[in-house]
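J.: Have a look at this one before I ask anything.
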Amino acid sequence: IMSIIVYDENLLNSAKDFAIQKHKGQFRKGTKIPYIIHPYEVLKILQENGADIKTQIAGLLHDTLEDTNTTVEEIEANFGSEVAELVKYETEDKRKEYRDRKAEHMAKLKTAPLEAKMVNCADKLANLRSTWKECKIGDSFWERFNGSKQDIAWYYGLAIDALQSLSGMPIYENLKDVYKVVFGDMKLNKGNEKL
């Protein structure tokens, strides 16, 4: 018997507990910052931009499939198939080379539903904001990532392109502004292969 999923504050609180458990013991790359801070930042951005509770939950759980032992079935059972689908849009195939998996992910995102794009945009914005704070330590900062600074600028350029349907929304305009601050001299989309 299928249980009816009610997207309310109780379910959001369950998602917070779930995310805390799943990301327990994980830290942001090259830091002592608990990983859970990132999904909470994504949640806050989504809330500030008027996302519904289903989308907020997907934002909280967006890295669970990729970075923890969570299964799609587990997300479906606890938070419904709609949330599971949104989280799947945030999941890359880590077995592939950096540029291949990033390009594939952004190509998929181009045709994703609005909610999936909002989650991705909030994720990118949260990541770029923390990059902006930390990259002031110098170029050694970029060594903690799988890709070079150029690769990362390229990837965020692809994301900005894939998320164009959010144009005019504060979440998207903010992402473009922070991109320019972080990568300034690397012109947006310069050298990008078109998807």
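Every chain in the structure tokens has a letter given in the order shown (A, B, ...), and although residue numbers restart at 1 in each chain, ligands are simply numbered from 1 in the order shown.
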I want to know what sits within 8 Å of range 107-113 of chain A, based on only C-alpha atoms, with residues of the same chain fewer than 4 positions away left out; could you give that as a list in words?

T.: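 The contact residues come out as Tyr89, Ala103, Lys117, Ala162, Leu163 and Leu195 of chain A.
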
J.: Please give the complete set of residues from range 15-123 of chain A that DSSP, run on the backbone, assigns to alpha helix (DSSP H), formatted as a PyMOL selection string.

T.: chain A and resi 15-22+37-48+53-61+64-67+72-79+81-89+98-110+114-123

J.: I'd like to know which of A:Gln56, A:Thr70, A:Asn78, A:Gln164 is closest to Met106 in chain A, using only C-alpha atoms.

T.: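 Distance minimum relative to Met106 in chain A lands on A:Gln164.
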
J.: For CA of Asp123 in chain A and CA of His62 in chain A, determine how far apart the two atoms are, in Å to one decimal place.

T.: 8.3 Å

J.: With 12 Å as the cut-off and only C-alpha atoms counted, what is the closest atom pair between each nearby residue of range 47-98 of chain A and range 170-178 of chain A? Distances in Å to one decimal, ordered by chain and number, as a tab-separated table.

T.:
```
residue	atom	partner	partner_atom	distance
A:Gln47	CA	A:Ile171	CA	10.6
A:Glu48	CA	A:Ile171	CA	8.7
A:Asn49	CA	A:Ile171	CA	6.5
A:Gly50	CA	A:Ile171	CA	10.0
A:Ala51	CA	A:Ile171	CA	10.7
```

J.: How would the residues just picked look written out with N, CA, C and O atoms as a PDB file, in the first residue's frame?

T.:
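What follows is the written file part_8.pdb:
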```
ATOM      1  N   GLN A  47      14.672  28.658   0.374  1.00  0.00           N
ATOM      2  CA  GLN A  47      13.625  29.304   1.169  1.00  0.00           C
ATOM      3  C   GLN A  47      13.540  30.791   0.846  1.00  0.00           C
ATOM      4  O   GLN A  47      12.450  31.340   0.667  1.00  0.00           O
ATOM      5  N   GLU A  48      14.694  31.442   0.735  1.00  0.00           N
ATOM      6  CA  GLU A  48      14.727  32.879   0.417  1.00  0.00           C
ATOM      7  C   GLU A  48      14.153  33.161  -0.972  1.00  0.00           C
ATOM      8  O   GLU A  48      13.724  34.276  -1.250  1.00  0.00           O
ATOM      9  N   ASN A  49      14.175  32.148  -1.834  1.00  0.00           N
ATOM     10  CA  ASN A  49      13.695  32.336  -3.208  1.00  0.00           C
ATOM     11  C   ASN A  49      12.323  31.711  -3.454  1.00  0.00           C
ATOM     12  O   ASN A  49      11.934  31.485  -4.592  1.00  0.00           O
ATOM     13  N   GLY A  50      11.594  31.434  -2.359  1.00  0.00           N
ATOM     14  CA  GLY A  50      10.198  31.023  -2.461  1.00  0.00           C
ATOM     15  C   GLY A  50       9.935  29.612  -2.957  1.00  0.00           C
ATOM     16  O   GLY A  50       8.834  29.320  -3.424  1.00  0.00           O
ATOM     17  N   ALA A  51      10.939  28.729  -2.855  1.00  0.00           N
ATOM     18  CA  ALA A  51      10.735  27.340  -3.289  1.00  0.00           C
ATOM     19  C   ALA A  51       9.745  26.637  -2.370  1.00  0.00           C
ATOM     20  O   ALA A  51       9.685  26.920  -1.172  1.00  0.00           O
TER      21      ALA A  51
END
```

J.: Residues at most 9 Å from Glu41 in chain A, counting only C-alpha atoms, excluding those fewer than 6 positions away in the same chain, as a list in words?

T.: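 Skipping anything fewer than 6 positions along the chain leaves Leu60, Ala122, Asp123 and Ala126 of chain A.
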
J.: Next, the residues of the selection above should be written as a short mmCIF file (atom, residue, chain, number, x, y, z; two decimals), in the first residue's frame with N, CA, C and O atoms.

T.:
```
data_model
loop_
_atom_site.label_atom_id
_atom_site.label_comp_id
_atom_site.auth_asym_id
_atom_site.auth_seq_id
_atom_site.Cartn_x
_atom_site.Cartn_y
_atom_site.Cartn_z
N LEU A 60 17.97 19.92 0.45
CA LEU A 60 18.66 19.35 1.63
C LEU A 60 19.32 18.02 1.30
O LEU A 60 20.39 17.70 1.81
N ALA A 122 20.69 26.82 -6.53
CA ALA A 122 20.98 27.07 -5.11
C ALA A 122 22.29 26.38 -4.70
O ALA A 122 23.11 26.95 -3.97
N ASP A 123 22.50 25.17 -5.20
CA ASP A 123 23.73 24.43 -4.94
C ASP A 123 24.94 25.19 -5.49
O ASP A 123 25.95 25.40 -4.80
N ALA A 126 25.53 28.43 -3.47
CA ALA A 126 26.13 28.15 -2.15
C ALA A 126 27.61 27.81 -2.31
O ALA A 126 28.46 28.31 -1.57
#
```

J.: Would you please work out which residue, of A:Val181, A:Leu128, A:Ile20, A:Cys121, is nearest to Asp161 in chain A when using only C-alpha atoms?

T.: A:Cys121

J.: Pick out the closest residue to Asp52 in chain A from this set: A:Leu12, A:Ala159, A:Lys24, A:Tyr179. Count only C-alpha atoms.

T.: A:Leu12

J.: Nearest residue to Glu97 in chain A out of A:Val119, A:Ser81, A:Thr55, A:Gly147, using only C-alpha atoms?

T.: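 That would be A:Gly147, the residue with the smallest distance to Glu97 in chain A.
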
J.: Could you check which of A:His23, A:Phe183, A:Phe145, A:Asp151 is closest to Thr68 in chain A, using only C-alpha atoms?

T.: A:His23

J.: With only C-alpha atoms as the basis for distance, which of A:His38, A:Asp93, A:Trp154, A:Leu114 is at the shortest distance from Arg129 in chain A?

T.: A:His38

J.: When you look at Ile36 in chain A with a cut-off of 12 Å (counting only C-alpha atoms), what residues show up, excluding the ones that are within fewer than 2 positions of it in the same chain? I need them as JSON, numbers by chain.

T.: {"A": [15, 16, 17, 18, 19, 20, 21, 22, 23, 24, 25, 26, 27, 28, 32, 33, 34, 38, 39, 40, 41, 42, 43, 59, 60, 61, 62, 63, 64, 67, 68]}

J.: For Asp8 in chain A, list every protein, DNA or RNA residue within 10 Å, evaluated using only C-alpha atoms, and leave out those in the same chain fewer than 2 positions away; present the list as a PyMOL selection string.

T.: chain A and resi 5-6+10-13+52-54+57
